[in-house]
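Chemist: Got a structure here, written out as structure tokens. Questions coming.
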Amino acid sequence: MPVPWFLLSLALGRSPVVLSLERLLGSQDTARCSPGLSCHLWDGDLLCLPGSIVSAPGPVLVPTHLQTELVLRCHQETDCDLCVRVAVHLAVHGHWEEAKDEEQFGRAPDSELEEARNDSLQAQVVLSFNSYTTARCVLLEVEVPAALVQPGQSVGSVVFDCFEAALGAEVQIWSYTQPTYQKELNFTQQLPALPWLNVSADGDDVHLVLDVSKEQHFGLSLYWNQVENPTKPWWHRNLTGPQTITLNHTDLVPCLCIQVWPLEPDSVRTSICPFRKDPRAHRNLWRAARLQLLPPRGWRLDAPCSLPAKATLCWQALGGGPCQPLVPPLSQENVTVNKALKFPLLKGHPNLCVQVSNWEKLQLQECLWSDSLGPLKDDMLLVETRGPHDNRSLCALEPSGCTPLLSRASTRAARLGEHLLQDLQSGQCLQLSDDDLGALWACPMNKYTHQRWALVWLACLLFAAVLFLLLLLKKDHVKAAARGRAALLLYSADDEGFERLVGALASALCQLPLRVAVDLWSRRELSAQGPLAWFHAQRRQTLQEGGVVVLLFSPGAVALCHDWLQDRASAAGAHSPHDAFAASLNCVLPDFLQGRAPGRYVAAYFDSLLRPDAVPALFRAVPVLALPSQLPDFLRALQGPGIPRPGRLADRAEQVSRALQPVLDSCLRPPGTPETGRKKGPEAGDRT
């Protein structure tokens, strides 16, 4: 990196020593040794692979100390780089093992051993240099004459010129021999930084503080250092003296660099990039990145800096879920930003998308040409894989993975596997890519979706029809419940008082609600149709509607039943033409005799007017209830299924009892006794 003189003076201090830094001309590395030694630098760098430590066979050279010095490597008069000179101090390690044996046993030295002792000592010394911008490894050959070989004694040093480094960098240096006779030496050094530049944060602002002298005129530029593209300037000023430049933290990106140069003709510029490892800068870089899709089959990733990212093609299904990577993928190498790239596709498809990730998580995703190709389609992607000997296999890409078409899996593709194969063979599928490894096909699923929805709609219509029918039935049931159950009252008109009692009972039952039919309220129809025809019509309608026929027994009704059982003709003809009870016995008694009465008839009597055992035994096939003492049971039998709660039923029974009691009391009063609080006349129920 070229370093102008005024920046070096700022970085390394204002001492006169700075001006006396040794300047090395040219770019060639060199090596030199201390007097008495000879050394040679191998051409080119080598791969640093320290081996395991081995035992020394005799005296060997080993590095004992590392020393560094800053120098300048200048390519031209004003074009210099900061460089690190390394001096490796060497010493003799080990001794001849046979020497002790000779002294102990007094033997004469071996001629070969003596010859080895008189030979020079050679060693291969490795120097490894590492910083955040540079990693190098060089090999030095050193030879020491025999006269200088003294075990445990230093023999001199070898100097290497030099390793280039950047201002402010931390460098690490290792040294060892090949083979390795002891643990390698290591040395770490922090090179001088730029004390005149300080980066500080204040809330959302970042301050660049330049502390230079008032007389210094310099240019300052902020730019994006893009590796794949030319440098892109962002901010530039000509300044004098100390300055403070404020940036918003959202402006920081890893490649944002600062360039400084003196305002002199042909001056050399120096750059530093202080935000390379700033987490905020890396977050901002991804926020600023934009993925653009270029028709017909191109794409580009726009970003201020190069991104350590990879891009893949994926398939986005219509039903949602994660976008599934495709094979073959895009190049797995680092994405080249701000450069148009091509997709390995034959045709475009709206379900094809591009994903950009940083090996940790997904950062960007765009689906291809969504504006021109329309929304996502309900297509199935078939992946064809080609192997050796023209072997081919097909699978369908689904959320659970790639499902073989002819399989027993319980997935959509497996169920439609044969149909999809037929569609592929008949040319109904669109080929998206084709290469030596395989191909991609998009097969429409609309017709299968329509068939499925047709069945769904048919099932829905059937369900709606059944539901409508149930609603109609429920509506009829609700209407019937709202109208109340039908009840036909049959009684014998013993006298005027009993008729008033029956009328009061019918009126009270209508309030429950029950739909009550009684001949008292149908005298006109009874006269027009006749008792038998009227009863037949009422009985048929009541039973068809699920109602009940109530036989209300009185002394007269009991007598009519006995007469009918003894002589039906004389019993029917001797009674009043308006008496429906007498006419009904022709139909009622056969129902009882043939066992059809249960569930359709209910018998009742007033316990103050008739004894319980007076009701003929034939009619005990149905409930025989006393009124008003058994009114709750009587009402329960009349209302049938869906009866109200017990508390409410008791209230209704109490209501009917209150309506019956005054009329029942009048029927039990001896003849000629006036009624208290009542008028005599038609409104009291008198009949002529």
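Labels for the structure tokens follow display order: chains A, B, ..., residues from 1 in each chain, ligands from 1.
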May I have all residues of segment 454-660 of chain A that DSSP, computed from the backbone, assigns to strand (DSSP E), given as a ChimeraX atom specification?
Modeler: /A:485-491,514-517,548-553,601-606,624-627
Chemist: Extract, using only C-alpha atoms, all DNA, RNA and protein residues at most 10 Å from Glu184 of chain A, discarding same-chain residues fewer than 6 positions from it, and format them as JSON, numbers by chain.
Modeler: {"A": [50, 53, 62, 63, 64, 126, 174, 175, 176, 177]}
Chemist: Please identify all polymer residues within 12 Å of Val253 of chain A, counting only C-alpha atoms, omitting same-chain residues fewer than 5 positions from it, and present them as a ChimeraX atom specification.
Modeler: /A:222-226,234,247-248,273-289,303-307
Chemist: Considering only C-alpha atoms, return as a ChimeraX atom specification whatever protein or nucleic-acid residues lie within 12 Å of Arg412 of chain A, sequence-local ones (same chain, fewer than 2 positions apart) excluded.
Modeler: /A:379-380,396-400,402-410,414-420,445,448-449,452
Chemist: Would you mind reading off the distance between atom CA of Pro296 of chain A and atom CA of Ser426 of chain A, one decimal, in Å?
Modeler: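 We find that atom CA of Pro296 of chain A and atom CA of Ser426 of chain A lie 26.9 Å from each other.
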Chemist: Pick the closest to Leu373 of chain A from A:Ile245, A:Leu490, A:Leu352, A:Ala340: which is it, counting only C-alpha atoms?
Modeler: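 That would be A:Leu352, the residue with the smallest distance to Leu373 of chain A.
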Chemist: Show me, as a PyMOL selection string, the residues that have an atom within 12 Å of Gly599 of chain A when counting only C-alpha atoms, minus same-chain residues fewer than 5 positions from it.
Modeler: chain A and resi 543+546-550+591-592+621-623+637-641
Chemist: Using only C-alpha atoms, find the one residue out of A:Val149, A:Leu660, A:Ala528, A:Val383 that sits nearest to Ala508 of chain A.
Modeler: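 The answer is A:Leu660, which sits nearest to Ala508 of chain A.
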Chemist: Would you list, as an mmCIF file with N, CA, C and O atoms, in the first residue's frame, the residues of segment 251-304 of chain A that end up in alpha helix (DSSP H) under DSSP run on this structure's backbone?
Modeler:
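Produced file result17.cif, reproduced below:
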data_model
loop_
_atom_site.group_PDB
_atom_site.id
_atom_site.type_symbol
_atom_site.label_atom_id
_atom_site.label_comp_id
_atom_site.auth_asym_id
_atom_site.auth_seq_id
_atom_site.Cartn_x
_atom_site.Cartn_y
_atom_site.Cartn_z
ATOM 1 N N PRO A 279 -20.280 -4.928 13.031
ATOM 2 C CA PRO A 279 -21.554 -5.644 12.826
ATOM 3 C C PRO A 279 -22.645 -4.754 12.238
ATOM 4 O O PRO A 279 -23.465 -5.215 11.436
ATOM 5 N N ARG A 280 -22.662 -3.480 12.626
ATOM 6 C CA ARG A 280 -23.668 -2.580 12.063
ATOM 7 C C ARG A 280 -23.493 -2.437 10.562
ATOM 8 O O ARG A 280 -24.475 -2.377 9.801
ATOM 9 N N ALA A 281 -22.244 -2.373 10.125
ATOM 10 C CA ALA A 281 -21.983 -2.222 8.694
ATOM 11 C C ALA A 281 -22.463 -3.436 7.909
ATOM 12 O O ALA A 281 -23.034 -3.302 6.819
ATOM 13 N N HIS A 282 -22.279 -4.633 8.462
ATOM 14 C CA HIS A 282 -22.739 -5.843 7.759
ATOM 15 C C HIS A 282 -24.262 -5.916 7.724
ATOM 16 O O HIS A 282 -24.843 -6.357 6.722
ATOM 17 N N ARG A 283 -24.934 -5.483 8.790
ATOM 18 C CA ARG A 283 -26.402 -5.461 8.760
ATOM 19 C C ARG A 283 -26.901 -4.452 7.732
ATOM 20 O O ARG A 283 -27.854 -4.728 6.989
ATOM 21 N N ASN A 284 -26.269 -3.297 7.686
ATOM 22 C CA ASN A 284 -26.690 -2.284 6.712
ATOM 23 C C ASN A 284 -26.474 -2.750 5.282
ATOM 24 O O ASN A 284 -27.244 -2.391 4.375
ATOM 25 N N LEU A 285 -25.422 -3.539 5.071
ATOM 26 C CA LEU A 285 -25.143 -4.017 3.714
ATOM 27 C C LEU A 285 -26.281 -4.882 3.195
ATOM 28 O O LEU A 285 -26.718 -4.732 2.047
ATOM 29 N N TRP A 286 -26.810 -5.776 4.042
ATOM 30 C CA TRP A 286 -27.911 -6.628 3.595
ATOM 31 C C TRP A 286 -29.199 -5.822 3.437
ATOM 32 O O TRP A 286 -30.015 -6.121 2.564
ATOM 33 N N ARG A 287 -29.353 -4.783 4.263
ATOM 34 C CA ARG A 287 -30.550 -3.944 4.093
ATOM 35 C C ARG A 287 -30.504 -3.168 2.774
ATOM 36 O O ARG A 287 -31.541 -2.903 2.164
ATOM 37 N N ALA A 288 -29.300 -2.811 2.360
ATOM 38 C CA ALA A 288 -29.172 -2.046 1.121
ATOM 39 C C ALA A 288 -29.169 -2.925 -0.123
ATOM 40 O O ALA A 288 -29.339 -2.412 -1.238
#
Chemist: Skipping near chain neighbours, those fewer than 4 positions away, what residues fall within 8 Å of Gln316 of chain A using only C-alpha atoms, listed as a PyMOL selection string?
Modeler: chain A and resi 320-324+351-353+376
Chemist: Which residues are near Leu82 of chain A? Cut-off 7 Å, only C-alpha atoms, ignore same chain within fewer than 3 positions. Put them as a list in words.
Modeler: Val71, Leu72, Arg73, Glu164, Ala165 and Ala166 of chain A
Chemist: Got time to write the residues from that selection, all heavy atoms, as a tab-separated table (two decimals), in the first residue's frame?
Modeler:
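Writing done, so here's selection.tsv:
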chain	number	residue	atom	x	y	z
A	71	VAL	N	10.76	-0.97	7.83
A	71	VAL	CA	11.50	-0.35	6.73
A	71	VAL	C	10.49	0.09	5.68
A	71	VAL	O	9.28	-0.22	5.78
A	71	VAL	CB	12.54	-1.32	6.13
A	71	VAL	CG1	13.60	-1.69	7.16
A	71	VAL	CG2	11.85	-2.58	5.61
A	72	LEU	N	10.98	0.76	4.67
A	72	LEU	CA	10.14	1.18	3.55
A	72	LEU	C	10.60	0.47	2.29
A	72	LEU	O	11.81	0.47	1.98
A	72	LEU	CB	10.22	2.69	3.35
A	72	LEU	CG	9.65	3.56	4.47
A	72	LEU	CD1	9.87	5.03	4.15
A	72	LEU	CD2	8.18	3.27	4.67
A	73	ARG	N	9.65	-0.13	1.59
A	73	ARG	CA	9.97	-0.71	0.28
A	73	ARG	C	9.39	0.24	-0.76
A	73	ARG	O	8.17	0.39	-0.86
A	73	ARG	CB	9.38	-2.10	0.15
A	73	ARG	CG	9.44	-2.64	-1.28
A	73	ARG	CD	9.04	-4.08	-1.34
A	73	ARG	NE	10.14	-4.94	-0.88
A	73	ARG	CZ	10.03	-6.25	-0.69
A	73	ARG	NH1	8.85	-6.83	-0.86
A	73	ARG	NH2	11.05	-6.95	-0.28
A	164	GLU	N	5.55	-7.13	3.53
A	164	GLU	CA	4.76	-5.91	3.46
A	164	GLU	C	3.55	-6.02	4.39
A	164	GLU	O	2.93	-7.09	4.51
A	164	GLU	CB	4.29	-5.64	2.03
A	164	GLU	CG	5.43	-5.34	1.07
A	164	GLU	CD	4.93	-5.00	-0.32
A	164	GLU	OE1	3.70	-4.81	-0.47
A	164	GLU	OE2	5.75	-4.92	-1.24
A	165	ALA	N	3.17	-4.89	5.01
A	165	ALA	CA	2.04	-4.88	5.94
A	165	ALA	C	1.37	-3.52	5.88
A	165	ALA	O	1.92	-2.55	5.33
A	165	ALA	CB	2.51	-5.19	7.37
A	166	ALA	N	0.18	-3.42	6.46
A	166	ALA	CA	-0.59	-2.19	6.47
A	166	ALA	C	-0.45	-1.50	7.81
A	166	ALA	O	-0.21	-2.13	8.84
A	166	ALA	CB	-2.07	-2.49	6.19
Chemist: Choose the residue, out of A:Asp519, A:Asp607, A:Glu545, A:Glu496, that has the smallest atom-to-atom separation from Ala583 of chain A; count only C-alpha atoms.
Modeler: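 Nearest candidate to Ala583 of chain A out of A:Asp519, A:Asp607, A:Glu545, A:Glu496: A:Asp519.
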Chemist: What's the separation between atom CA of Arg386 of chain A and atom CA of Cys429 of chain A, in Å to one decimal place?
Modeler: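 One can read the atom CA of Arg386 of chain A to atom CA of Cys429 of chain A distance as 18.2 Å.
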Chemist: Rank nothing, just name the residue among A:Leu520, A:Ala486, A:Leu505, A:Leu127 nearest to Val663 of chain A, using only C-alpha atoms.
Modeler: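 Nearest candidate to Val663 of chain A out of A:Leu520, A:Ala486, A:Leu505, A:Leu127: A:Leu505.
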